[in-house]
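Shown here: entry-v7.tsv, TSV, C-alpha atoms and all ligand atoms.
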```tsv
chain	number	residue	atom	x	y	z
A	256	MET	CA	0.00	0.00	0.00
A	257	GLU	CA	1.62	3.23	-1.11
A	258	ASN	CA	0.35	6.73	-0.68
A	259	HIS	CA	2.78	9.57	-1.26
A	260	ASN	CA	0.16	12.26	-0.96
A	261	LEU	CA	0.02	13.85	2.44
A	262	PRO	CA	-3.48	14.58	3.66
A	263	ASN	CA	-4.62	17.98	2.41
A	264	LYS	CA	-5.69	18.93	5.88
A	265	LEU	CA	-2.15	18.60	7.19
A	266	MET	CA	-0.72	20.56	4.29
A	267	GLU	CA	-3.23	23.33	4.81
A	268	LYS	CA	-2.49	23.42	8.52
A	269	LEU	CA	1.28	23.57	7.92
A	270	SER	CA	0.85	26.27	5.35
A	271	ALA	CA	-1.31	28.38	7.65
A	272	LEU	CA	1.08	27.96	10.58
A	273	ASN	CA	4.06	28.83	8.42
A	274	LYS	CA	2.36	31.96	7.13
A	275	GLU	CA	1.41	33.05	10.63
A	276	ARG	CA	4.90	32.37	11.96
A	277	SER	CA	6.46	34.34	9.14
A	278	ARG	CA	4.20	37.31	9.88
A	279	HIS	CA	5.18	37.19	13.59
A	280	ILE	CA	8.88	36.86	12.84
A	281	PHE	CA	8.96	39.90	10.59
A	282	SER	CA	7.00	41.98	13.09
A	283	LEU	CA	10.02	41.55	15.39
A	284	THR	CA	12.69	42.74	13.00
A	285	HIS	CA	12.04	46.47	13.42
A	286	GLY	CA	15.32	46.94	15.33
A	287	LYS	CA	13.85	49.80	17.37
A	288	PRO	CA	15.06	50.27	20.97
A	289	MET	CA	13.21	48.50	23.77
A	290	ILE	CA	13.30	48.64	27.53
A	291	HIS	CA	12.88	45.62	29.74
A	292	GLY	CA	11.20	46.81	32.89
A	293	LEU	CA	7.85	46.55	34.59
A	294	LEU	CA	6.15	49.95	34.78
A	295	SER	CA	3.96	51.00	37.66
A	296	ALA	CA	2.39	54.14	39.11
A	297	VAL	CA	3.60	55.22	42.52
A	298	PHE	CA	2.23	57.77	44.97
A	299	ARG	CA	4.46	59.45	47.55
A	300	ARG	CA	4.63	61.61	50.62
A	301	CYS	CA	6.86	64.66	50.28
A	302	GLY	CA	7.83	64.92	53.94
A	303	LYS	CA	6.51	68.44	54.60
A	304	PRO	CA	4.57	68.28	57.88
A	305	ALA	CA	1.71	70.56	56.79
A	306	CYS	CA	1.16	68.92	53.37
A	307	LYS	CA	-2.06	67.21	52.35
A	308	CYS	CA	-0.04	64.08	51.60
A	309	ASN	CA	0.10	63.40	55.32
A	310	HIS	CA	-3.67	63.02	55.40
A	311	GLY	CA	-4.22	60.42	52.74
A	312	GLU	CA	-3.83	62.37	49.50
A	313	LYS	CA	-0.33	61.46	48.35
A	314	HIS	CA	1.52	63.03	45.42
A	315	GLY	CA	1.49	61.32	42.09
A	316	PRO	CA	1.08	59.23	40.17
A	317	TYR	CA	4.76	59.05	39.21
A	318	LEU	CA	6.03	56.48	36.79
A	319	ALA	CA	8.35	53.88	38.28
A	320	MET	CA	10.09	50.99	36.63
A	321	SER	CA	11.10	47.73	38.19
A	322	VAL	CA	14.32	46.47	36.64
A	323	ASN	CA	16.51	43.46	37.18
A	324	LYS	CA	20.10	44.49	37.73
A	325	ASP	CA	22.77	41.90	38.53
A	326	GLY	CA	20.06	39.50	39.63
A	327	LYS	CA	18.49	42.01	42.00
A	328	GLN	CA	15.09	43.63	41.54
A	329	ARG	CA	15.31	47.42	41.75
A	330	THR	CA	12.77	50.17	41.29
A	331	VAL	CA	13.84	53.34	39.52
A	332	MET	CA	11.78	56.48	39.08
A	333	VAL	CA	11.19	57.52	35.49
A	334	LYS	CA	11.70	61.22	34.76
A	335	LYS	CA	8.52	62.91	33.61
A	336	LYS	CA	10.14	64.05	30.35
A	337	ASP	CA	11.22	60.47	29.63
A	338	SER	CA	7.83	58.90	30.36
A	339	PRO	CA	6.36	58.77	26.82
A	340	GLU	CA	9.57	57.32	25.38
A	341	VAL	CA	9.97	54.81	28.21
A	342	ARG	CA	6.35	53.71	27.84
A	343	LYS	CA	6.81	53.23	24.09
A	344	LYS	CA	10.03	51.23	24.47
A	345	SER	CA	8.56	49.17	27.26
A	346	GLU	CA	5.49	48.40	25.15
A	347	ARG	CA	7.78	47.28	22.31
A	348	TYR	CA	9.51	44.89	24.68
A	349	ARG	CA	6.17	43.49	25.88
A	350	HIS	CA	5.06	42.96	22.28
A	351	PHE	CA	8.37	41.29	21.45
A	352	GLN	CA	8.03	38.83	24.32
A	353	GLN	CA	4.40	38.03	23.52
A	354	THR	CA	5.16	37.49	19.85
A	355	LEU	CA	8.15	35.31	20.71
A	356	ALA	CA	5.83	33.14	22.82
A	357	LYS	CA	3.41	32.86	19.87
A	358	ILE	CA	6.25	31.84	17.54
A	359	ARG	CA	7.37	29.18	20.00
A	360	ARG	CA	3.83	27.80	20.26
A	361	ILE	CA	3.65	27.60	16.46
A	362	ASN	CA	7.05	25.88	16.35
A	363	LYS	CA	5.72	23.21	18.67
A	364	GLU	CA	2.63	22.71	16.51
A	365	VAL	CA	4.73	22.42	13.35
A	366	ASP	CA	7.01	19.99	15.15
A	367	ALA	CA	4.07	17.81	16.18
A	368	ILE	CA	2.67	17.74	12.64
A	369	LEU	CA	6.06	16.82	11.19
A	370	ASP	CA	6.37	14.04	13.76
A	371	GLN	CA	2.93	12.82	12.76
A	372	ILE	CA	3.91	12.84	9.07
A	373	LYS	CA	7.11	11.00	9.89
A	374	ALA	CA	5.27	8.35	11.91
A	375	GLU	CA	2.71	7.82	9.15
A	376	SER	CA	5.36	7.63	6.42
A	377	ILE	CA	7.72	5.12	7.95
A	378	GLU	CA	7.37	1.67	6.52
A	379	PRO	CA	9.11	-1.48	7.58
A	380	TYR	CA	11.54	-3.14	5.20
A	381	THR	CA	10.70	-6.80	5.27
B	401	ZN	ZN	3.23	66.48	50.24
```
Take the structure from the file and write it as C-alpha cells.
Ligand SMILES: [Zn+2]
Amino acid sequence: MENHNLPNKLMEKLSALNKERSRHIFSLTHGKPMIHGLLSAVFRRCGKPACKCNHGEKHGPYLAMSVNKDGKQRTVMVKKKDSPEVRKKSERYRHFQQTLAKIRRINKEVDAILDQIKAESIEPYT
C-alpha cells in the first residue's frame, strides 16, 4: 500500500502555521530600541509636615520601573520628560516577548505535525 500524498488537511495546517509564523517573525525585525522593565504608578509623601499628603492624599502618580540588575530587583523612578519614550520602548519589549511566545507555540505545533507525518510515512523493510 503506497500513498505519497500527504493529507490535504495537514498541508493546509502547515501552510497556515508557516504563514502566521512568518508574519510574527517579521513583526520583530524592526530593530527599534526597547526597555525591559515593569512599569507601575507610585504615589508618595513629600515629607513636609503641613502637606495634604500626610492626610491620605499622596503626590502622584509618578512612573516607576522595576528592573533586574545583577540579579536584583530594583525600582527606579522615570523622569517625567522620559515617560512617553519609556512607555513606548517598554510596550515594544512586551510585544516582542508576547510574539516570541506565539512563535514558539507555532514551532511546537509544526514539530508535532512533522512528527505525525514522519510516523505515518515510515514503513518497515521486510
Ligand atoms: Zn506632600
Quiz item: atom CA of Met320 of chain A and atom CA of Gly292 of chain A are how many Å apart?
Solution: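 Between atom CA of Met320 of chain A and atom CA of Gly292 of chain A the gap works out to 5.7 Å.
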Self-check item: Surroundings of ligand ZN 401 (chain B) up to 7 Å, based on all atoms listed in the file, as a list of chain:residue names
Solution: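 Counting only what the definition allows, namely all atoms listed in the file, the set is A:Arg300, A:Cys301, A:Gly302, A:Lys303, A:Cys306, A:Lys307, A:Cys308, A:Asn309, A:Lys313, A:His314.
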Quiz item: How far is it from atom CA of His291 of chain A to atom CA of Val322 of chain A, in Å with one decimal?
Solution: 7.1 Å
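When all atoms listed in the file are used to compute distances to Ile290 of chain A, the closest of the residues A:Val341, A:Val333, A:Ile358, A:Leu261 turns out to be A:Val341.
You can rank A:His279, A:Lys335, A:Lys287, A:Arg299 by their closest distance to Gln353 of chain A using all atoms listed in the file, and at the top of that list sits A:His279.
The space separating atom CA of Thr330 of chain A from atom CA of Leu283 of chain A comes to 27.4 Å.
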Quiz item: Which neighbours of Ala356 of chain A fall inside 12 Å, counting all atoms listed in the file, when residues of the same chain fewer than 4 positions from it are skipped, and could you give them as a list in words?
Solution: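 Listed by chain and then number, they are Arg276, His279, Ile280, Leu283, Arg349, His350, Phe351, Gln352, Arg360, Ile361, Asn362 and Lys363 of chain A.
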Keeping C-alpha atoms, export the residues of the selection given above as a PDB file, in the coordinates of the input.
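The result, written out as selection.pdb:
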```
ATOM      1  CA  ARG A 276       4.900  32.370  11.960  1.00  0.00           C
ATOM      2  CA  HIS A 279       5.180  37.190  13.590  1.00  0.00           C
ATOM      3  CA  ILE A 280       8.880  36.860  12.840  1.00  0.00           C
ATOM      4  CA  LEU A 283      10.020  41.550  15.390  1.00  0.00           C
ATOM      5  CA  ARG A 349       6.170  43.490  25.880  1.00  0.00           C
ATOM      6  CA  HIS A 350       5.060  42.960  22.280  1.00  0.00           C
ATOM      7  CA  PHE A 351       8.370  41.290  21.450  1.00  0.00           C
ATOM      8  CA  GLN A 352       8.030  38.830  24.320  1.00  0.00           C
ATOM      9  CA  ARG A 360       3.830  27.800  20.260  1.00  0.00           C
ATOM     10  CA  ILE A 361       3.650  27.600  16.460  1.00  0.00           C
ATOM     11  CA  ASN A 362       7.050  25.880  16.350  1.00  0.00           C
ATOM     12  CA  LYS A 363       5.720  23.210  18.670  1.00  0.00           C
TER      13      LYS A 363
END
```
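Each of A:Ala305, A:Val365, A:Ile377, A:Ala296 was compared to Asn273 of chain A using all atoms listed in the file, and A:Val365 turns out to be the nearest.
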Quiz item: Within 6 Å of (10.1, 51.9, 37.4), all atoms listed in the file: residues as a PyMOL selection string?
Solution: chain A and resi 294+319-321+330-332
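For the set A:Glu275, A:Glu340, A:Glu346, A:Asn263, the residue with the smallest atom-to-atom gap to Arg359 of chain A is A:Glu275, counting all atoms listed in the file.
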Exercise. Quick one: everything within 10 Å of Lys268 of chain A, counting all atoms listed in the file, minus sequence neighbours fewer than 6 positions away in the same chain. Send it as a PyMOL selection string.
Key: chain A and resi 274+364-365+368
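Candidate residues A:Glu312, A:Tyr317, A:Leu265, A:Lys357 were compared for distance to Asp337 of chain A, and the nearest is A:Tyr317, using only C-alpha atoms.
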Quiz item: Pick from A:Glu375, A:Leu318, A:Ser282, A:Lys264: nearest to Arg347 of chain A, with only C-alpha atoms counted?
Solution: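 Going through A:Glu375, A:Leu318, A:Ser282, A:Lys264 one by one, the smallest distance to Arg347 of chain A is for A:Ser282.
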Could I get segment 362-378 of chain A from the block written out with N, CA and C atoms, as a PDB file, in the first residue's frame?
```
ATOM      1  N   ASN A 362       5.959  26.833  16.582  1.00  0.00           N
ATOM      2  CA  ASN A 362       7.051  25.879  16.348  1.00  0.00           C
ATOM      3  C   ASN A 362       6.695  24.494  16.883  1.00  0.00           C
ATOM      4  N   LYS A 363       6.098  24.486  18.066  1.00  0.00           N
ATOM      5  CA  LYS A 363       5.715  23.209  18.672  1.00  0.00           C
ATOM      6  C   LYS A 363       4.655  22.497  17.843  1.00  0.00           C
ATOM      7  N   GLU A 364       3.698  23.283  17.341  1.00  0.00           N
ATOM      8  CA  GLU A 364       2.632  22.706  16.515  1.00  0.00           C
ATOM      9  C   GLU A 364       3.200  22.121  15.220  1.00  0.00           C
ATOM     10  N   VAL A 365       4.103  22.888  14.592  1.00  0.00           N
ATOM     11  CA  VAL A 365       4.732  22.424  13.352  1.00  0.00           C
ATOM     12  C   VAL A 365       5.509  21.138  13.637  1.00  0.00           C
ATOM     13  N   ASP A 366       6.230  21.157  14.740  1.00  0.00           N
ATOM     14  CA  ASP A 366       7.007  19.994  15.152  1.00  0.00           C
ATOM     15  C   ASP A 366       6.127  18.749  15.298  1.00  0.00           C
ATOM     16  N   ALA A 367       4.980  18.930  15.943  1.00  0.00           N
ATOM     17  CA  ALA A 367       4.066  17.812  16.177  1.00  0.00           C
ATOM     18  C   ALA A 367       3.518  17.272  14.857  1.00  0.00           C
ATOM     19  N   ILE A 368       3.197  18.169  13.941  1.00  0.00           N
ATOM     20  CA  ILE A 368       2.668  17.743  12.638  1.00  0.00           C
ATOM     21  C   ILE A 368       3.744  16.974  11.858  1.00  0.00           C
ATOM     22  N   LEU A 369       4.973  17.501  11.901  1.00  0.00           N
ATOM     23  CA  LEU A 369       6.057  16.818  11.189  1.00  0.00           C
ATOM     24  C   LEU A 369       6.324  15.434  11.786  1.00  0.00           C
ATOM     25  N   ASP A 370       6.222  15.345  13.107  1.00  0.00           N
ATOM     26  CA  ASP A 370       6.371  14.045  13.764  1.00  0.00           C
ATOM     27  C   ASP A 370       5.284  13.074  13.317  1.00  0.00           C
ATOM     28  N   GLN A 371       4.063  13.623  13.194  1.00  0.00           N
ATOM     29  CA  GLN A 371       2.929  12.816  12.762  1.00  0.00           C
ATOM     30  C   GLN A 371       3.167  12.307  11.333  1.00  0.00           C
ATOM     31  N   ILE A 372       3.621  13.214  10.464  1.00  0.00           N
ATOM     32  CA  ILE A 372       3.905  12.835   9.073  1.00  0.00           C
ATOM     33  C   ILE A 372       4.986  11.766   9.029  1.00  0.00           C
ATOM     34  N   LYS A 373       6.004  11.979   9.841  1.00  0.00           N
ATOM     35  CA  LYS A 373       7.106  11.004   9.893  1.00  0.00           C
ATOM     36  C   LYS A 373       6.584   9.626  10.303  1.00  0.00           C
ATOM     37  N   ALA A 374       5.796   9.627  11.393  1.00  0.00           N
ATOM     38  CA  ALA A 374       5.273   8.352  11.908  1.00  0.00           C
ATOM     39  C   ALA A 374       4.408   7.646  10.865  1.00  0.00           C
ATOM     40  N   GLU A 375       3.614   8.426  10.135  1.00  0.00           N
ATOM     41  CA  GLU A 375       2.715   7.825   9.147  1.00  0.00           C
ATOM     42  C   GLU A 375       3.433   7.414   7.861  1.00  0.00           C
ATOM     43  N   SER A 376       4.647   7.912   7.671  1.00  0.00           N
ATOM     44  CA  SER A 376       5.356   7.629   6.423  1.00  0.00           C
ATOM     45  C   SER A 376       6.391   6.515   6.545  1.00  0.00           C
ATOM     46  N   ILE A 377       6.713   6.159   7.765  1.00  0.00           N
ATOM     47  CA  ILE A 377       7.722   5.123   7.954  1.00  0.00           C
ATOM     48  C   ILE A 377       7.110   3.754   7.625  1.00  0.00           C
ATOM     49  N   GLU A 378       7.825   3.024   6.797  1.00  0.00           N
ATOM     50  CA  GLU A 378       7.365   1.672   6.521  1.00  0.00           C
ATOM     51  C   GLU A 378       8.478   0.679   6.844  1.00  0.00           C
TER      52      GLU A 378
END
```
